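Peer 1: I'm passing along coords-v4.tsv; it holds TSV, C-alpha atoms.
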chain	number	residue	atom	x	y	z
A	1	MET	CA	109.59	78.29	148.50
A	2	LEU	CA	110.48	81.36	146.41
A	3	PRO	CA	110.20	84.83	147.91
A	4	ARG	CA	107.07	86.77	147.02
A	5	ARG	CA	109.09	89.33	144.99
A	6	PHE	CA	109.62	86.73	142.25
A	7	PHE	CA	105.87	86.60	141.67
A	8	ARG	CA	105.63	90.34	140.96
A	9	PHE	CA	107.36	90.12	137.57
A	10	PRO	CA	104.42	88.63	135.67
A	11	SER	CA	102.26	91.60	136.63
A	12	ILE	CA	104.79	93.84	134.88
A	13	ILE	CA	105.68	91.55	131.99
A	14	VAL	CA	102.13	90.63	130.95
A	15	PRO	CA	100.87	94.20	130.41
A	16	CYS	CA	104.03	94.98	128.42
A	17	LEU	CA	103.56	91.87	126.32
A	18	LEU	CA	99.93	92.77	125.64
A	19	ALA	CA	100.99	96.25	124.63
A	20	VAL	CA	103.47	94.82	122.11
A	21	LEU	CA	100.89	92.43	120.70
A	22	SER	CA	98.36	95.22	120.31
A	23	LEU	CA	100.68	97.27	118.09
A	24	PRO	CA	99.81	97.08	114.37
A	25	ALA	CA	102.04	94.62	112.55
A	26	VAL	CA	104.44	96.15	110.07
A	27	ALA	CA	103.07	95.20	106.66
A	28	GLN	CA	105.56	94.13	104.04
A	29	ASP	CA	105.79	96.06	100.80
A	30	ILE	CA	104.18	94.59	97.71
A	31	THR	CA	106.62	94.94	94.82
A	32	LEU	CA	105.37	95.27	91.28
A	33	GLY	CA	107.96	94.60	88.59
A	34	ALA	CA	108.26	95.73	84.98
A	35	SER	CA	110.71	96.16	82.13
A	36	VAL	CA	110.00	99.20	79.97
A	37	GLN	CA	111.66	101.07	77.12
A	38	LEU	CA	113.46	104.03	78.68
A	39	THR	CA	116.10	104.21	75.94
A	40	GLY	CA	116.20	103.10	72.32
A	41	PRO	CA	113.85	103.70	69.36
A	42	VAL	CA	110.53	103.51	71.26
A	43	ALA	CA	111.60	105.19	74.50
A	44	ASN	CA	109.36	108.17	73.77
A	45	THR	CA	106.33	105.93	74.25
A	46	GLY	CA	107.94	103.69	76.87
A	47	ARG	CA	108.22	106.62	79.28
A	48	TYR	CA	104.40	106.83	79.44
A	49	TYR	CA	104.40	103.48	81.23
A	50	ARG	CA	107.22	104.32	83.64
A	51	ASP	CA	105.56	107.61	84.54
A	52	ALA	CA	102.06	106.13	84.77
A	53	TYR	CA	103.22	103.28	87.00
A	54	GLN	CA	105.03	105.70	89.29
A	55	ILE	CA	102.19	108.19	89.68
A	56	ALA	CA	99.65	105.43	90.28
A	57	VAL	CA	101.83	103.76	92.92
A	58	GLU	CA	102.42	107.09	94.67
A	59	LYS	CA	98.72	107.95	94.62
A	60	ILE	CA	97.65	104.57	96.00
A	61	ASN	CA	100.31	104.69	98.74
A	62	ALA	CA	99.24	108.20	99.71
A	63	ALA	CA	95.71	106.86	100.22
A	64	GLY	CA	96.99	104.15	102.57
A	65	GLY	CA	98.16	101.50	100.15
A	66	VAL	CA	96.63	98.09	99.54
A	67	LYS	CA	94.29	96.71	102.18
A	68	ILE	CA	94.63	92.95	102.55
A	69	GLY	CA	92.68	91.69	105.50
A	70	ALA	CA	93.36	94.04	108.41
A	71	GLN	CA	96.70	95.24	107.08
A	72	GLN	CA	97.63	98.12	104.83
A	73	HIS	CA	100.52	97.35	102.49
A	74	LYS	CA	102.55	99.93	100.62
A	75	LEU	CA	103.39	99.37	96.97
A	76	ALA	CA	106.95	99.36	95.68
A	77	LEU	CA	108.04	99.46	92.05
A	78	LYS	CA	110.98	97.61	90.51
A	79	LEU	CA	111.70	98.87	86.99
A	80	TYR	CA	114.32	97.91	84.43
A	81	ASP	CA	115.20	99.63	81.15
A	82	ASN	CA	115.04	97.07	78.36
A	83	GLN	CA	116.67	99.54	75.94
A	84	SER	CA	113.99	98.68	73.34
A	85	ASP	CA	115.51	95.19	73.06
A	86	VAL	CA	113.03	92.28	73.23
A	87	ASN	CA	115.62	89.70	74.26
A	88	LEU	CA	116.85	91.91	77.09
A	89	SER	CA	113.27	92.46	78.20
A	90	VAL	CA	112.67	88.71	78.49
A	91	ARG	CA	115.84	88.32	80.58
A	92	GLN	CA	114.79	91.17	82.84
A	93	TYR	CA	111.33	89.74	83.45
A	94	THR	CA	112.96	86.41	84.26
A	95	GLN	CA	115.18	88.19	86.77
A	96	LEU	CA	112.21	90.05	88.27
A	97	VAL	CA	110.37	86.84	89.15
A	98	SER	CA	113.25	84.41	89.77
A	99	GLN	CA	115.79	86.64	91.55
A	100	ASP	CA	114.10	89.86	92.62
A	101	LYS	CA	111.04	87.89	93.76
A	102	VAL	CA	108.52	90.59	92.85
A	103	GLN	CA	104.96	89.63	93.71
A	104	LEU	CA	103.23	90.73	90.50
A	105	LEU	CA	104.08	92.08	87.05
A	106	LEU	CA	103.24	95.13	84.97
A	107	GLY	CA	103.91	95.15	81.26
A	108	PRO	CA	106.26	96.70	78.71
A	109	PHE	CA	105.24	98.81	75.74
A	110	ALA	CA	104.57	97.24	72.31
A	111	SER	CA	102.96	93.99	71.31
A	112	ASN	CA	106.12	92.17	70.28
A	113	PHE	CA	107.51	92.79	73.78
A	114	ALA	CA	104.30	91.73	75.53
A	115	LEU	CA	104.11	88.66	73.32
A	116	ALA	CA	107.60	87.51	74.40
A	117	ASP	CA	107.47	88.72	78.02
A	118	SER	CA	104.12	87.10	78.76
A	119	ALA	CA	105.78	83.72	78.23
A	120	VAL	CA	107.80	84.48	81.35
A	121	SER	CA	104.73	85.31	83.43
A	122	GLU	CA	103.07	82.13	82.18
A	123	LYS	CA	106.10	79.97	82.96
A	124	TYR	CA	106.45	81.26	86.50
A	125	ARG	CA	102.69	81.63	87.05
A	126	VAL	CA	102.91	85.28	88.02
A	127	PRO	CA	100.10	87.44	86.62
A	128	MET	CA	101.04	90.32	84.33
A	129	VAL	CA	98.63	93.17	83.67
A	130	GLN	CA	99.80	95.22	80.73
A	131	GLY	CA	98.46	98.13	78.71
A	132	GLY	CA	101.18	98.26	76.09
A	133	GLY	CA	100.42	95.31	73.81
A	134	ALA	CA	97.19	94.97	71.81
A	135	SER	CA	98.05	92.28	69.27
A	136	ASP	CA	95.47	89.51	69.04
A	137	GLN	CA	98.38	87.05	69.04
A	138	ILE	CA	99.08	87.83	72.71
A	139	PHE	CA	95.65	86.62	73.76
A	140	SER	CA	95.11	83.76	71.32
A	141	ARG	CA	97.45	81.30	73.06
A	142	LYS	CA	95.11	80.49	75.96
A	143	PHE	CA	97.65	81.77	78.49
A	144	LYS	CA	96.20	82.16	81.98
A	145	TYR	CA	98.47	84.82	83.47
A	146	ILE	CA	98.41	87.65	80.90
A	147	PHE	CA	95.81	90.44	81.07
A	148	GLY	CA	95.57	93.44	78.76
A	149	THR	CA	93.88	96.83	78.93
A	150	LEU	CA	94.24	97.83	75.26
A	151	ALA	CA	91.49	97.06	72.77
A	152	PRO	CA	92.21	94.27	70.25
A	153	ALA	CA	94.55	95.43	67.50
A	154	SER	CA	92.33	93.77	64.90
A	155	ASN	CA	89.62	96.36	65.63
A	156	TYR	CA	91.78	99.49	65.90
A	157	PHE	CA	90.53	100.84	62.58
A	158	GLY	CA	86.95	99.65	63.13
A	159	SER	CA	85.53	103.05	64.10
A	160	THR	CA	87.62	104.73	61.38
A	161	ILE	CA	86.05	102.49	58.72
A	162	ASP	CA	82.60	103.35	60.05
A	163	MET	CA	83.52	107.02	59.73
A	164	LEU	CA	84.84	106.53	56.17
A	165	LYS	CA	81.42	105.24	55.11
A	166	ALA	CA	79.76	108.31	56.63
A	167	LEU	CA	82.06	110.91	55.04
A	168	LYS	CA	80.70	113.12	52.26
A	169	PRO	CA	81.88	112.22	49.71
A	170	ALA	CA	83.06	108.85	50.98
A	171	PRO	CA	86.43	107.73	49.61
A	172	LYS	CA	86.38	104.73	47.29
A	173	THR	CA	90.02	103.57	47.24
A	174	VAL	CA	92.10	102.80	50.33
A	175	ALA	CA	95.77	102.04	51.01
A	176	LEU	CA	96.55	99.76	53.95
A	177	LEU	CA	100.16	100.01	55.13
A	178	TYR	CA	101.52	98.21	58.18
A	179	ALA	CA	104.81	97.37	59.88
A	180	ASP	CA	105.93	93.76	60.20
A	181	ASP	CA	105.59	93.46	63.99
A	182	ALA	CA	102.95	91.61	65.99
A	183	PHE	CA	100.70	94.62	66.66
A	184	ASP	CA	100.65	96.02	63.14
A	185	VAL	CA	100.17	92.64	61.50
A	186	SER	CA	97.15	92.06	63.76
A	187	VAL	CA	95.82	95.50	62.80
A	188	ALA	CA	96.10	94.66	59.10
A	189	GLU	CA	94.57	91.20	59.49
A	190	GLY	CA	91.54	92.73	61.21
A	191	THR	CA	91.25	95.81	58.98
A	192	ARG	CA	91.47	94.05	55.62
A	193	PRO	CA	88.15	92.13	55.87
A	194	LYS	CA	86.39	95.12	57.43
A	195	LEU	CA	87.34	97.32	54.49
A	196	LYS	CA	86.14	94.72	51.99
A	197	GLN	CA	82.89	94.20	53.87
A	198	ALA	CA	82.32	97.96	53.90
A	199	GLY	CA	82.71	98.07	50.12
A	200	PHE	CA	86.06	99.84	49.82
A	201	GLN	CA	88.61	98.97	47.17
A	202	ILE	CA	91.99	98.17	48.70
A	203	ALA	CA	94.22	99.66	46.03
A	204	LEU	CA	97.45	99.14	47.98
A	205	ASP	CA	98.11	96.55	50.70
A	206	GLU	CA	101.75	96.61	51.75
A	207	ARG	CA	103.88	95.56	54.72
A	208	TYR	CA	107.00	97.56	55.56
A	209	SER	CA	109.92	96.90	57.89
A	210	THR	CA	109.66	97.96	61.52
A	211	ASN	CA	111.65	101.17	62.17
A	212	ALA	CA	111.52	101.96	58.44
A	213	THR	CA	112.77	105.41	57.50
A	214	ASP	CA	112.10	105.43	53.75
A	215	PHE	CA	108.48	105.54	52.57
A	216	ASN	CA	109.15	107.15	49.20
A	217	SER	CA	108.21	104.06	47.16
A	218	LEU	CA	104.91	103.55	48.99
A	219	LEU	CA	104.06	107.23	48.76
A	220	SER	CA	104.82	107.27	45.04
A	221	GLN	CA	102.36	104.40	44.56
A	222	ILE	CA	99.70	106.23	46.56
A	223	LYS	CA	100.16	109.26	44.33
A	224	SER	CA	100.27	107.40	41.03
A	225	LYS	CA	97.16	105.35	41.87
A	226	ASN	CA	95.36	108.43	43.15
A	227	ILE	CA	94.38	106.62	46.34
A	228	GLU	CA	91.88	108.61	48.39
A	229	ALA	CA	92.29	107.27	51.96
A	230	VAL	CA	95.47	105.97	53.58
A	231	LEU	CA	95.48	103.86	56.75
A	232	VAL	CA	98.89	103.33	58.37
A	233	ALA	CA	99.66	100.97	61.26
A	234	GLY	CA	103.07	101.63	62.78
A	235	HIS	CA	104.99	103.20	65.61
A	236	GLU	CA	105.46	106.90	66.23
A	237	THR	CA	108.88	107.41	64.60
A	238	GLU	CA	107.67	105.59	61.49
A	239	ILE	CA	104.59	107.78	61.27
A	240	LEU	CA	106.68	110.93	61.68
A	241	ASN	CA	108.87	109.85	58.76
A	242	PHE	CA	105.81	109.00	56.69
A	243	VAL	CA	104.21	112.43	57.13
A	244	ARG	CA	107.43	114.36	56.48
A	245	GLN	CA	108.09	112.41	53.30
A	246	ALA	CA	104.46	112.77	52.18
A	247	LYS	CA	104.92	116.52	52.37
A	248	SER	CA	108.25	116.46	50.52
A	249	LEU	CA	106.70	114.40	47.71
A	250	ALA	CA	103.47	116.46	47.73
A	251	VAL	CA	101.35	113.35	48.38
A	252	ALA	CA	98.00	114.50	49.78
A	253	PRO	CA	95.16	111.97	49.65
A	254	LYS	CA	91.72	112.97	50.89
A	255	MET	CA	92.60	111.68	54.34
A	256	TYR	CA	95.13	109.62	56.25
A	257	SER	CA	94.79	107.91	59.60
A	258	PHE	CA	97.41	106.44	61.92
A	259	THR	CA	97.20	103.87	64.73
A	260	VAL	CA	99.61	105.87	66.89
A	261	GLY	CA	101.05	109.35	67.20
A	262	VAL	CA	98.01	111.57	66.79
A	263	PRO	CA	96.98	111.42	70.50
A	264	SER	CA	100.56	112.25	71.57
A	265	GLU	CA	101.51	115.82	72.42
A	266	ASP	CA	105.11	115.16	71.34
A	267	PHE	CA	103.98	113.87	67.95
A	268	ARG	CA	102.00	117.03	67.27
A	269	HIS	CA	104.86	119.24	68.45
A	270	ALA	CA	107.34	117.36	66.27
A	271	LEU	CA	105.27	117.96	63.12
A	272	GLY	CA	103.88	121.36	64.00
A	273	ALA	CA	101.40	122.56	61.36
A	274	ASP	CA	102.13	119.46	59.27
A	275	ALA	CA	100.18	117.37	61.81
A	276	ASP	CA	97.01	119.20	60.83
A	277	TYR	CA	94.25	117.05	59.25
A	278	ALA	CA	95.76	113.78	60.51
A	279	PHE	CA	93.24	111.27	61.85
A	280	GLY	CA	93.97	108.80	64.60
A	281	MET	CA	92.14	106.86	67.28
A	282	THR	CA	92.13	106.50	71.03
A	283	ALA	CA	90.29	104.45	73.62
A	284	TRP	CA	90.70	107.27	76.15
A	285	LEU	CA	90.26	111.00	76.47
A	286	PRO	CA	90.53	112.80	79.83
A	287	SER	CA	87.02	113.39	81.10
A	288	ALA	CA	85.38	114.12	84.45
A	289	VAL	CA	82.79	111.50	83.51
A	290	GLN	CA	85.27	108.66	84.06
A	291	LYS	CA	85.26	108.30	87.83
A	292	ASP	CA	88.22	106.80	89.65
A	293	ARG	CA	88.74	105.61	93.20
A	294	TRP	CA	92.15	107.22	93.67
A	295	PHE	CA	92.35	110.18	91.29
A	296	GLY	CA	88.72	111.19	91.45
A	297	ASP	CA	88.26	111.16	87.68
A	298	ALA	CA	90.22	110.99	84.44
A	299	ALA	CA	90.44	114.77	84.09
A	300	GLN	CA	92.06	115.05	87.51
A	301	PHE	CA	94.50	112.29	86.60
A	302	ALA	CA	95.46	114.20	83.46
A	303	ARG	CA	96.04	117.40	85.45
A	304	GLU	CA	98.19	115.70	88.08
A	305	TYR	CA	100.15	113.81	85.42
A	306	LYS	CA	100.87	117.00	83.46
A	307	GLU	CA	101.87	118.85	86.64
A	308	LYS	CA	104.24	116.07	87.69
A	309	TYR	CA	105.89	115.23	84.37
A	310	GLY	CA	105.42	118.35	82.25
A	311	TYR	CA	103.59	116.70	79.36
A	312	ASP	CA	100.05	115.51	78.68
A	313	PRO	CA	99.16	111.83	79.12
A	314	ASP	CA	97.55	109.88	76.31
A	315	TYR	CA	95.86	106.50	76.31
A	316	HIS	CA	99.18	104.71	76.89
A	317	ALA	CA	99.58	106.49	80.24
A	318	ALA	CA	95.93	106.00	81.20
A	319	SER	CA	96.06	102.28	80.46
A	320	GLY	CA	99.34	101.98	82.41
A	321	ALA	CA	97.80	103.61	85.49
A	322	ALA	CA	94.75	101.37	85.16
A	323	ASP	CA	97.06	98.32	85.11
A	324	VAL	CA	98.35	99.23	88.58
A	325	GLU	CA	94.82	99.84	89.81
A	326	ALA	CA	93.66	96.48	88.43
A	327	LEU	CA	96.33	94.62	90.39
A	328	VAL	CA	95.41	96.50	93.56
A	329	GLN	CA	91.70	95.81	93.11
A	330	ALA	CA	92.45	92.14	92.49
A	331	MET	CA	94.64	91.84	95.60
A	332	GLU	CA	92.00	93.46	97.78
A	333	THR	CA	89.26	91.28	96.28
A	334	ALA	CA	91.34	88.15	96.79
A	335	GLY	CA	92.48	89.23	100.25
A	336	SER	CA	95.93	88.10	99.23
A	337	MET	CA	99.05	89.00	97.27
A	338	GLU	CA	99.62	85.35	96.37
A	339	PRO	CA	99.94	85.21	92.56
A	340	GLN	CA	97.44	82.42	91.93
A	341	LYS	CA	94.74	84.08	94.03
A	342	VAL	CA	95.37	87.44	92.39
A	343	ARG	CA	95.17	85.81	88.97
A	344	ASP	CA	91.81	84.23	89.84
A	345	ALA	CA	90.50	87.58	91.10
A	346	LEU	CA	91.59	89.31	87.88
A	347	THR	CA	89.41	86.97	85.81
A	348	LYS	CA	86.33	88.20	87.70
A	349	LEU	CA	87.36	91.81	88.13
A	350	LYS	CA	84.92	94.59	87.28
A	351	PHE	CA	85.56	98.19	88.30
A	352	ASP	CA	85.55	101.76	87.03
A	353	SER	CA	88.96	103.30	86.48
A	354	LEU	CA	90.33	106.58	85.16
A	355	TYR	CA	90.82	104.69	81.89
A	356	GLY	CA	87.25	103.42	81.71
A	357	PRO	CA	85.43	100.26	82.83
A	358	VAL	CA	87.84	97.37	83.39
A	359	ALA	CA	86.51	93.83	83.01
A	360	PHE	CA	88.74	91.24	81.39
A	361	GLY	CA	87.23	88.88	78.83
A	362	ALA	CA	87.75	85.14	78.76
A	363	ASN	CA	90.97	85.66	76.79
A	364	GLY	CA	92.31	88.17	79.34
A	365	GLN	CA	91.74	91.33	77.27
A	366	ILE	CA	89.29	94.19	77.65
A	367	ASP	CA	87.61	95.78	74.64
A	368	LEU	CA	87.03	99.53	74.88
A	369	PRO	CA	85.66	101.27	71.76
A	370	GLN	CA	88.07	103.40	69.75
A	371	VAL	CA	87.13	107.05	69.23
A	372	VAL	CA	88.29	108.69	65.98
A	373	ILE	CA	90.24	111.89	66.62
A	374	GLN	CA	91.78	114.49	64.32
A	375	VAL	CA	94.34	117.24	64.63
A	376	GLN	CA	92.51	120.45	63.83
A	377	GLY	CA	94.95	123.33	64.13
A	378	ASP	CA	95.94	123.60	67.79
A	379	GLU	CA	93.16	121.26	68.89
A	380	LEU	CA	92.93	117.50	69.16
A	381	ALA	CA	89.29	117.03	68.27
A	382	GLU	CA	86.99	114.09	69.02
A	383	ILE	CA	85.39	113.34	65.65
A	384	TYR	CA	83.54	110.03	65.55
A	385	GLY	CA	82.37	107.53	68.16
A	386	ALA	CA	79.80	104.86	68.83
A	387	ASN	CA	76.96	107.30	68.21
A	388	GLY	CA	78.35	108.80	65.01
A	389	PHE	CA	79.92	112.20	64.44
A	390	VAL	CA	80.77	114.25	67.51
A	391	LYS	CA	82.38	117.07	65.53
A	392	GLN	CA	82.67	117.85	61.84
A	393	PRO	CA	85.96	116.50	60.42
A	394	LYS	CA	88.29	118.61	58.30
A	395	TYR	CA	87.86	116.64	55.10
A	396	PRO	CA	89.05	116.27	52.44
A	397	MET	CA	92.65	117.17	53.22
A	398	PRO	CA	93.96	119.95	50.94
A	399	ALA	CA	97.19	119.80	48.97
A	400	TRP	CA	100.30	120.63	50.97
A	401	ASN	CA	100.87	123.89	49.11
A	402	ALA	CA	97.24	124.94	49.65
A	403	ARG	CA	97.30	124.92	53.42
Rewrite the coordinates I just gave you, this time as structure tokens.
Peer 2:
Amino acid sequence: MLPRRFFRFPSIIVPCLLAVLSLPAVAQDITLGASVQLTGPVANTGRYYRDAYQIAVEKINAAGGVKIGAQQHKLALKLYDNQSDVNLSVRQYTQLVSQDKVQLLLGPFASNFALADSAVSEKYRVPMVQGGGASDQIFSRKFKYIFGTLAPASNYFGSTIDMLKALKPAPKTVALLYADDAFDVSVAEGTRPKLKQAGFQIALDERYSTNATDFNSLLSQIKSKNIEAVLVAGHETEILNFVRQAKSLAVAPKMYSFTVGVPSEDFRHALGADADYAFGMTAWLPSAVQKDRWFGDAAQFAREYKEKYGYDPDYHAASGAADVEALVQAMETAGSMEPQKVRDALTKLKFDSLYGPVAFGANGQIDLPQVVIQVQGDELAEIYGANGFVKQPKYPMPAWNAR
């Protein structure tokens, strides 16, 4: 028979064991992966996504992270620079899911990137939520793992066309110019029938090469045909070149509107006074009305973003932050970080974000209305929305030498 001292150990060991078991388990990080344009021709817009992803991750972690069951998980971010190269971006997304083993994906900027990269998320069945690609082509393939927070490209000029009809006097002739990438082609394909239905004469309908630097021929046609309204779908550097060359050739229609650039602080700084009168559109403006679980509201998000990065966010940044929030909401709803369960939760998701209400349609895309905006001196003015004119536009645009 063993001495009694051997039977004393359990009374010591058991309480210690219970104490260990009662400690909260260390939750593993949830890693979100993305490839964004940090260098190359579209890096100026790509940085919005890097910065938005980072500030959203930091804000969510500061609030305790992602609650799955009884555990709080911190978010981690794995980012690659695709150098504005689509093929490199595809390779990097493949590495993120096959080698880095990230749990979920955020998107790149630009529709041609999202179009290619979403094939990776579909192949590996890892959901991607992206706010950088709006082309209808992305969401027409019946993919199950791609979700988008930008409005359909085909309707980008929808509110602008409504405004054109309401202008006094309304323009009669319109030029539709667009780059040959997935986003801009979708814009043109959606805009063309809307213009015709609204009764406008499309006097010039031309596609130009992506990253084009010479618009002299197109501008000469606009001038010779005396076209009154010019709609341009392109990326920011293209639009900058277009405006500078319009000034040098003294081409001043009654109005011009651009799919990108106008909401961007850098765009307006780059052009200075020459940005005046330019129309654009946005699905987002910072407002205290848009309530948010982590930032409080959109206005607070804009303040914190500006304080952290030194420049104002636009709708690219707001949609990027909402992408992170959507993945977090989906994980908490699903009670899991498992990709299939998160994907299923995303299809049913409905919540208010700093970007606006997020609820993905059957094709995986949300559809927020575009608000027409205009540069008016030092102000970016909200001009036209769902309920008509918000502020009087500066129209028609004067000649360059009469400003």
Peer 1: Out of A:Val42, A:Ala62, A:Leu204, A:Leu167, which residue has the shortest atom-to-atom distance to A:Pro393 when counting only C-alpha atoms?
Peer 2: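 Once distances to A:Pro393 are computed over only C-alpha atoms, the minimum belongs to A:Leu167.
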Peer 1: Of the residues A:Gly131, A:Pro263, A:Pro396, A:Gly69, which is the one nearest to A:Phe113, using all atoms listed in the file?
Peer 2: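 Among the listed residues, the smallest separation from A:Phe113 belongs to A:Gly131.
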Peer 1: Interatomic distance between atom CA of A:Leu380 and atom CA of A:Val262?
Peer 2: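 Calculated distance between atom CA of A:Leu380 and atom CA of A:Val262 is 8.2 Å.
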Peer 1: Which residue out of A:Met331, A:Ala212, A:Leu105, A:Ala166 has the minimum interatomic distance to A:Pro41 when only C-alpha atoms are used?
Peer 2: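 Once distances to A:Pro41 are computed over only C-alpha atoms, the minimum belongs to A:Ala212.
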Peer 1: Would you mind listing what lies within 8 Å of stretch 78-93 of chain A as a PyMOL selection string, with only C-alpha atoms counted and same-chain residues fewer than 2 positions away left out?
Peer 2: chain A and resi 31-43+50+76+95-97+102+112-113+116-117+120-121
Peer 1: Atom CA of A:Ala203 and atom CA of A:Val232 are how many Å apart?
Peer 2: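 Computing it gives 13.7 Å between the two atoms.
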Peer 1: For A:Thr333, work out the shell of residues within 12 Å, counting all atoms listed in the file and skipping chain neighbours fewer than 5 positions away, then give it as a PDB file with C-alpha atoms, in the frame of the given file.
Peer 2:
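Now in around.pdb:
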ATOM      1  CA  VAL A  66      96.630  98.090  99.540  1.00  0.00           C
ATOM      2  CA  LYS A  67      94.290  96.710 102.180  1.00  0.00           C
ATOM      3  CA  ILE A  68      94.630  92.950 102.550  1.00  0.00           C
ATOM      4  CA  GLY A  69      92.680  91.690 105.500  1.00  0.00           C
ATOM      5  CA  ALA A 326      93.660  96.480  88.430  1.00  0.00           C
ATOM      6  CA  LEU A 327      96.330  94.620  90.390  1.00  0.00           C
ATOM      7  CA  VAL A 328      95.410  96.500  93.560  1.00  0.00           C
ATOM      8  CA  GLU A 338      99.620  85.350  96.370  1.00  0.00           C
ATOM      9  CA  LYS A 341      94.740  84.080  94.030  1.00  0.00           C
ATOM     10  CA  VAL A 342      95.370  87.440  92.390  1.00  0.00           C
ATOM     11  CA  ARG A 343      95.170  85.810  88.970  1.00  0.00           C
ATOM     12  CA  ASP A 344      91.810  84.230  89.840  1.00  0.00           C
ATOM     13  CA  ALA A 345      90.500  87.580  91.100  1.00  0.00           C
ATOM     14  CA  LEU A 346      91.590  89.310  87.880  1.00  0.00           C
ATOM     15  CA  THR A 347      89.410  86.970  85.810  1.00  0.00           C
ATOM     16  CA  LYS A 348      86.330  88.200  87.700  1.00  0.00           C
ATOM     17  CA  LEU A 349      87.360  91.810  88.130  1.00  0.00           C
ATOM     18  CA  LYS A 350      84.920  94.590  87.280  1.00  0.00           C
ATOM     19  CA  PHE A 351      85.560  98.190  88.300  1.00  0.00           C
TER      20      PHE A 351
END
Peer 1: Considering only C-alpha atoms, state which residue in the set A:Lys172, A:Thr213, A:Gln72, A:Ile55 is at the smallest distance from A:Glu307.
Peer 2: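 Going through A:Lys172, A:Thr213, A:Gln72, A:Ile55 one by one, the smallest distance to A:Glu307 is for A:Ile55.
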Peer 1: In the coordinate frame of the file, compute which residues have an atom within 12 Å of (102.2, 117.6, 81.9) when using all atoms listed in the file, and state them as a ChimeraX atom specification.
Peer 2: /A:48,51-52,264-266,300-314,317
Peer 1: For each of A:Tyr53, A:Tyr315, A:Tyr178, A:Tyr395, take the minimum atom-to-atom distance to A:Arg207, counting all atoms listed in the file, then give the residue where this is smallest.
Peer 2: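 Result for the nearest residue to A:Arg207: A:Tyr178.
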Peer 1: Record the distance separating atom CA of A:Lys247 and atom CA of A:Leu195, expressed in Å with one decimal.
Peer 2: 26.1 Å
Peer 1: Please identify all polymer residues within 9 Å of stretch 216-220 of chain A, counting all atoms listed in the file, omitting same-chain residues fewer than 3 positions from it, and present them as a list in words.
Peer 2: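 The filter keeps Leu177, Leu204, Glu206, Lys223, Ser224, Lys225, Phe242, Gln245, Ala246, Leu249 and Val251 of chain A.
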Peer 1: For the selection you just gave me, I'd like the residues written to a file as a PDB file, in the frame of the given file, keeping C-alpha atoms.
Peer 2:
ATOM      1  CA  LEU A 177     100.160 100.010  55.130  1.00  0.00           C
ATOM      2  CA  LEU A 204      97.450  99.140  47.980  1.00  0.00           C
ATOM      3  CA  GLU A 206     101.750  96.610  51.750  1.00  0.00           C
ATOM      4  CA  LYS A 223     100.160 109.260  44.330  1.00  0.00           C
ATOM      5  CA  SER A 224     100.270 107.400  41.030  1.00  0.00           C
ATOM      6  CA  LYS A 225      97.160 105.350  41.870  1.00  0.00           C
ATOM      7  CA  PHE A 242     105.810 109.000  56.690  1.00  0.00           C
ATOM      8  CA  GLN A 245     108.090 112.410  53.300  1.00  0.00           C
ATOM      9  CA  ALA A 246     104.460 112.770  52.180  1.00  0.00           C
ATOM     10  CA  LEU A 249     106.700 114.400  47.710  1.00  0.00           C
ATOM     11  CA  VAL A 251     101.350 113.350  48.380  1.00  0.00           C
TER      12      VAL A 251
END
Peer 1: What are the centre and the three edge lengths of an axis-aligned box that wraps all atoms of stretch 106-112 of chain A in the file, given that 6 Å is added to every side, written as AutoDock Vina command-line options and rounded to one decimal in Å?
Peer 2:
--center_x 104.6 --center_y 95.5 --center_z 77.6 --size_x 15.3 --size_y 18.6 --size_z 26.7
Peer 1: Which is closer to A:Met163 than all the others in A:Ile366, A:Ile373, A:Ala188, A:Ile30, using only C-alpha atoms?
Peer 2: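 Closest to A:Met163 of all the choices is A:Ile373.
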Peer 1: Identify, on the basis of all atoms listed in the file, every residue whose closest approach to A:Gly190 does not exceed 8 Å; exclude the query and any residue fewer than 2 positions from it along the same chain; express the result as a ChimeraX atom specification.
Peer 2: /A:153-155,186-188,192-194
Peer 1: Dig up all the protein and nucleic acid residues within 8 Å of (89.3, 104.5, 47.5) in the file frame, using only C-alpha atoms, and format them as a list of chain:residue names.
Peer 2: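 The requested residues, written out, are A:Pro171, A:Lys172, A:Thr173, A:Val174, A:Ala175, A:Phe200, A:Gln201, A:Ile202, A:Ala203, A:Ile227, A:Glu228, A:Ala229.
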Peer 1: I want to know what sits within 8 Å of stretch 376-378 of chain A, based on all atoms listed in the file, with residues of the same chain fewer than 2 positions away left out; could you give that as a ChimeraX atom specification?
Peer 2: /A:273,276-277,374,380-381,394
Peer 1: Using C-alpha atoms, can you export the residues from the last selection as a compact mmCIF listing (two decimals), in the coordinates of the input?
Peer 2:
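Generated file (selection33.txt):
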# COMPACT_ATOMS: atom_id res chain seq x y z
CA ALA A 273 101.40 122.56 61.36
CA ASP A 276 97.01 119.20 60.83
CA TYR A 277 94.25 117.05 59.25
CA GLN A 374 91.78 114.49 64.32
CA LEU A 380 92.93 117.50 69.16
CA ALA A 381 89.29 117.03 68.27
CA LYS A 394 88.29 118.61 58.30
